[in-house]
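Data first, discussion second: the structure below is written as structure tokens.
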Amino acid sequence: MGLTIGVDIGGTKIAAGVVDEEGNILSTFKVPTPSTPEGIVEAIGSAVEGARAGHEIVGVGIGAAGYVNRQRSTVYFAPNIDWRQEPLKEKVEARVGLPVVVENDANAAAWGEYKFGAGKGHRNVICITLGTGLGGGIIIGNKLRRGHFGVAAEFGHIRMVPDGLLCGCGSQGCWEQYASGRALVRYAKQRANATPENAEYLLSLGDGTPEGIEGKHISMAARQGDLVAVDSYRELARWAGAGLADLASLFDPSAFIVGGGLSDEGELVLDPIRKSYKRWLVGGNWRPVADVIAAQLGNKAGMVGAADLARQPDPVM
């Protein structure tokens with residue numbers, strides 16, 4: 001099929017990369033993320049042009065944070081960009097003169113990990129991304145499952161707690177309010193405020209107050225055995241593992257792949273997630289248990305996955 005370009009739209013930058021059929025990134029080009037939908041289309045075009053220089057490109061895949069239709073053409077809704085029924089495929093194709101597909105960014109990352117990373121050798125995997133929020137992707141029978149309307153695998157907005165914490169989506173009690181980077185920081189601030197004597201090292205990494213705690217501080221402190229930092233990771237893992245147990249009842253995968261920024265902490269977060277998952281898995285003492293493994297591609301997963309999905313046939317056909 002030849003070389004394709006994957007586009008990763010981030011909060012501060014838009015990155016485009018030329019990717020071969022083995023998942024290798026041959027060149028990249030980055031531009032700042034504009035604040036308007038029109039500016040983003042132009043920026044995507046500039047990034048694609050910069051990356052494609054010297055390469056023969058057959059298509060472009062865009063990873064977009066939002067609800068993307070099954071035809072991989074329109075963003076129904078995006079939480080952080082003013083996209084409402086945005087015909088992104090049409091606009092970018094007109095700008096770059098290449099075939100374009102639009103994918104949900106978490107789906108793209110999941111596909112990248114399945115095809116070229118931690119999911120190699122598996123037919124049925126569920127990917128979750130533990131970052132600022134919580135996203136995911138479903139691969140069953142070697143196929144990415146988007147659902148009838150294209151918006152499946154919005155795991156972060158499964159309601160874990162009826163009438164729970166208010167979520168940015170407008171609902172309450174969503175999973176990402178309890179298992180995400182934001183949740184981890186909230187746990188640490190609450191615990192440091194309640195028992196500052198157990199958070200001396202953690203507090204010393206910021207401005208000395210619970211309000212000054214950041215995610216990077218919690219990681220550093222946990223590795224030094226700070227009680228509040230360690231307990232905050234355990235609380236996040238408790239919720240993450242409980243959610244995986246529910247997903248196992250739905251999809252019965254051979255593996256869960258955990259990606260996103262929090263997965264960079266390795267066993268610090270994965271080991272307690274595994275324990276929580278087994279604790280809450282129905283029939284866990286008597287049934288096969290899926291592996292819970294770390295993603296391997298890091299922040300390259302979305303770009304590589306989007307590029308490869310640009311080679312895949314239209315899922316509607």
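So you can find residues: chains in the structure tokens are A, B, ... in the order shown, residues in each start at 1, and ligands are numbered from 1 in order.
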As a PyMOL selection string, please: all residues of range 57-260 of chain A that backbone DSSP puts in strand (DSSP E). chain A and resi 57-64+67-68+75-77+84-86+100-104+125-130+134-140+143-144+255-259
Only C-alpha atoms, please: the residues just picked out, written as a compact mmCIF listing (two decimals), in the first residue's frame.
# COMPACT_ATOMS: atom_id res chain seq x y z
CA ILE A 57 2.41 9.34 0.09
CA VAL A 58 -0.78 7.39 -0.61
CA GLY A 59 -3.01 8.62 2.21
CA VAL A 60 -3.39 10.45 5.53
CA GLY A 61 -4.90 9.28 8.81
CA ILE A 62 -5.90 11.85 11.43
CA GLY A 63 -6.31 11.02 15.12
CA ALA A 64 -8.95 13.37 16.52
CA TYR A 67 -16.73 11.39 18.45
CA VAL A 68 -16.01 10.40 14.85
CA VAL A 75 -16.27 14.69 13.88
CA TYR A 76 -19.68 14.71 15.54
CA PHE A 77 -18.41 16.43 18.66
CA ARG A 84 -19.71 20.13 15.85
CA GLN A 85 -20.58 17.97 12.82
CA GLU A 86 -17.19 19.00 11.42
CA VAL A 100 -7.86 11.22 4.22
CA VAL A 101 -9.50 9.17 6.97
CA VAL A 102 -10.40 10.52 10.41
CA GLU A 103 -10.15 8.26 13.45
CA ASN A 104 -10.82 8.78 17.13
CA VAL A 125 -7.41 -6.92 23.11
CA ILE A 126 -8.87 -3.97 24.95
CA CYS A 127 -6.73 -0.86 25.22
CA ILE A 128 -7.20 1.87 27.78
CA THR A 129 -5.27 5.12 27.94
CA LEU A 130 -4.71 6.55 31.40
CA LEU A 134 -9.40 7.95 30.16
CA GLY A 135 -9.92 6.60 26.65
CA GLY A 136 -9.75 3.27 24.92
CA GLY A 137 -10.13 1.02 21.93
CA ILE A 138 -11.59 -2.39 21.13
CA ILE A 139 -9.92 -4.95 18.85
CA ILE A 140 -11.92 -8.16 18.51
CA LYS A 143 -10.56 -5.82 13.76
CA LEU A 144 -11.02 -2.38 15.31
CA ALA A 255 -5.06 -8.90 27.19
CA PHE A 256 -5.64 -5.39 28.44
CA ILE A 257 -3.06 -2.91 27.17
CA VAL A 258 -2.61 0.09 29.45
CA GLY A 259 -1.24 3.19 27.73
Given the choices A:Ala53, A:Ala229, A:Ala245, A:Leu262, which gets closest to Lys275 in chain A if the distance is worked out from only C-alpha atoms?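 When distances to Lys275 in chain A are compared using only C-alpha atoms, the smallest one comes from A:Ala245.
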Option closest in space to Asn24 in chain A, from A:Pro210, A:Gly6, A:Gly39, A:Leu202 [counting only C-alpha atoms]: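 Ranked by minimum distance to Asn24 in chain A, first place goes to A:Gly6.
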What are the DSSP helix (DSSP H, G or I) residues of range 164-311 of chain A, as a ChimeraX atom specification? /A:175-177,181-194,196-198,200-204,210-212,215-223,227-251,261-265,267-280,298-309
Residues within 10 Å of Val161 in chain A, please, as a PyMOL selection string. Count only C-alpha atoms; anything in the same chain fewer than 4 positions from it doesn't count. chain A and resi 165+172-175+177-178
Print the selection's residues with all heavy atoms to a file, as a compact mmCIF listing (two decimals), in the first residue's frame.
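This is the output file out-v3.txt:
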# COMPACT_ATOMS: atom_id res chain seq x y z
N LEU A 165 -19.03 12.22 40.97
CA LEU A 165 -18.37 13.48 40.62
C LEU A 165 -18.80 13.97 39.25
O LEU A 165 -18.97 13.18 38.30
CB LEU A 165 -16.85 13.29 40.66
CG LEU A 165 -16.23 13.00 42.03
CD1 LEU A 165 -14.77 12.62 41.86
CD2 LEU A 165 -16.37 14.22 42.93
N GLN A 172 -22.30 12.52 35.49
CA GLN A 172 -21.74 12.39 36.83
C GLN A 172 -21.25 10.97 37.06
O GLN A 172 -21.88 10.01 36.61
CB GLN A 172 -22.79 12.73 37.90
CG GLN A 172 -23.16 14.18 37.99
CD GLN A 172 -24.24 14.43 39.03
OE1 GLN A 172 -25.41 14.46 38.72
NE2 GLN A 172 -23.81 14.60 40.28
N GLY A 173 -20.15 10.85 37.78
CA GLY A 173 -19.65 9.54 38.16
C GLY A 173 -18.91 8.79 37.08
O GLY A 173 -18.75 7.57 37.18
N CYS A 174 -18.42 9.48 36.04
CA CYS A 174 -17.72 8.80 34.95
C CYS A 174 -16.41 8.18 35.43
O CYS A 174 -15.74 8.70 36.32
CB CYS A 174 -17.43 9.78 33.82
SG CYS A 174 -18.90 10.39 32.95
N TRP A 175 -16.04 7.08 34.78
CA TRP A 175 -14.85 6.33 35.18
C TRP A 175 -13.61 7.22 35.22
O TRP A 175 -12.78 7.09 36.12
CB TRP A 175 -14.66 5.16 34.21
CG TRP A 175 -13.63 4.15 34.60
CD1 TRP A 175 -13.03 4.00 35.82
CD2 TRP A 175 -13.07 3.14 33.76
NE1 TRP A 175 -12.14 2.94 35.80
CE2 TRP A 175 -12.14 2.39 34.54
CE3 TRP A 175 -13.27 2.78 32.43
CZ2 TRP A 175 -11.41 1.33 34.01
CZ3 TRP A 175 -12.56 1.71 31.91
CH2 TRP A 175 -11.64 1.00 32.69
N GLN A 177 -13.24 10.14 36.08
CA GLN A 177 -13.15 10.98 37.28
C GLN A 177 -12.49 10.24 38.44
O GLN A 177 -12.13 10.86 39.45
CB GLN A 177 -14.54 11.45 37.69
CG GLN A 177 -15.19 12.37 36.67
CD GLN A 177 -14.34 13.59 36.39
OE1 GLN A 177 -13.87 14.27 37.31
NE2 GLN A 177 -14.10 13.87 35.12
N TYR A 178 -12.31 8.92 38.29
CA TYR A 178 -11.74 8.12 39.37
C TYR A 178 -10.46 7.40 38.95
O TYR A 178 -9.72 6.92 39.82
CB TYR A 178 -12.79 7.10 39.84
CG TYR A 178 -14.06 7.78 40.32
CD1 TYR A 178 -15.09 8.07 39.43
CD2 TYR A 178 -14.20 8.18 41.64
CE1 TYR A 178 -16.24 8.73 39.85
CE2 TYR A 178 -15.34 8.83 42.08
CZ TYR A 178 -16.36 9.11 41.17
OH TYR A 178 -17.48 9.77 41.59
Leaving out Phe149 in chain A and any residue of its chain fewer than 3 positions from it, which residues lie within 10 Å of it when counting only C-alpha atoms, given as JSON, numbers by chain? {"A": [67, 68, 69, 70, 71, 146, 152]}
Output file for the selection above: N, CA, C and O atoms, as an mmCIF file, in the first residue's frame:
data_model
loop_
_atom_site.group_PDB
_atom_site.id
_atom_site.type_symbol
_atom_site.label_atom_id
_atom_site.label_comp_id
_atom_site.auth_asym_id
_atom_site.auth_seq_id
_atom_site.Cartn_x
_atom_site.Cartn_y
_atom_site.Cartn_z
ATOM 1 N N TYR A 67 -15.846 12.422 18.983
ATOM 2 C CA TYR A 67 -16.726 11.393 18.454
ATOM 3 C C TYR A 67 -16.696 11.472 16.927
ATOM 4 O O TYR A 67 -17.132 12.466 16.339
ATOM 5 N N VAL A 68 -16.195 10.428 16.298
ATOM 6 C CA VAL A 68 -16.011 10.398 14.846
ATOM 7 C C VAL A 68 -17.005 9.406 14.244
ATOM 8 O O VAL A 68 -17.189 8.298 14.766
ATOM 9 N N ASN A 69 -17.628 9.786 13.137
ATOM 10 C CA ASN A 69 -18.640 8.910 12.558
ATOM 11 C C ASN A 69 -18.026 7.645 11.965
ATOM 12 O O ASN A 69 -16.820 7.541 11.753
ATOM 13 N N ARG A 70 -18.863 6.658 11.709
ATOM 14 C CA ARG A 70 -18.411 5.357 11.238
ATOM 15 C C ARG A 70 -17.732 5.446 9.876
ATOM 16 O O ARG A 70 -16.878 4.626 9.543
ATOM 17 N N GLN A 71 -18.121 6.432 9.076
ATOM 18 C CA GLN A 71 -17.524 6.610 7.761
ATOM 19 C C GLN A 71 -16.128 7.218 7.812
ATOM 20 O O GLN A 71 -15.490 7.392 6.780
ATOM 21 N N ARG A 146 -15.671 -0.121 16.036
ATOM 22 C CA ARG A 146 -16.079 1.264 16.266
ATOM 23 C C ARG A 146 -17.542 1.390 16.691
ATOM 24 O O ARG A 146 -17.958 2.457 17.122
ATOM 25 N N ALA A 152 -17.955 3.864 19.593
ATOM 26 C CA ALA A 152 -17.759 2.894 20.666
ATOM 27 C C ALA A 152 -16.456 3.185 21.415
ATOM 28 O O ALA A 152 -15.621 3.980 20.978
#
Enumerate, in order of chain and increasing residue number, the residues of range 231-301 of chain A with an atom no farther than 10 Å from range 107-111 of chain A, each with its shortest atom pair and distance in Å to one decimal, counting only C-alpha atoms, as CSV.
residue,atom,partner,partner_atom,distance
A:Ile257,CA,A:Ala110,CA,8.3
A:Val258,CA,A:Ala110,CA,9.5
A:Gly259,CA,A:Ala109,CA,8.6
A:Gly260,CA,A:Ala109,CA,9.4
A:Ala295,CA,A:Ala110,CA,9.1
A:Leu297,CA,A:Ala109,CA,8.8
A:Gly298,CA,A:Ala109,CA,9.2
A:Asn299,CA,A:Ala109,CA,8.5
A:Lys300,CA,A:Ala109,CA,8.0
A:Ala301,CA,A:Ala109,CA,4.6
Show which residues sit within 10 Å of Arg238 in chain A, as a VMD selection string. Count only C-alpha atoms, and ignore same-chain residues fewer than 4 positions away. chain A and resid 178 to 179 232 to 234 242 to 243 272 to 277 279 to 280
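Rounded to one decimal, CA of Ala47 in chain A and CA of Glu22 in chain A lie 21.9 Å from each other.
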Identify which of the residues A:Ala222, A:Lys30, A:Val269, A:Phe251 lies closest to Arg145 in chain A, counting only C-alpha atoms when measuring atom-to-atom distances.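 Among A:Ala222, A:Lys30, A:Val269, A:Phe251, it is A:Phe251 that comes nearest to Arg145 in chain A.
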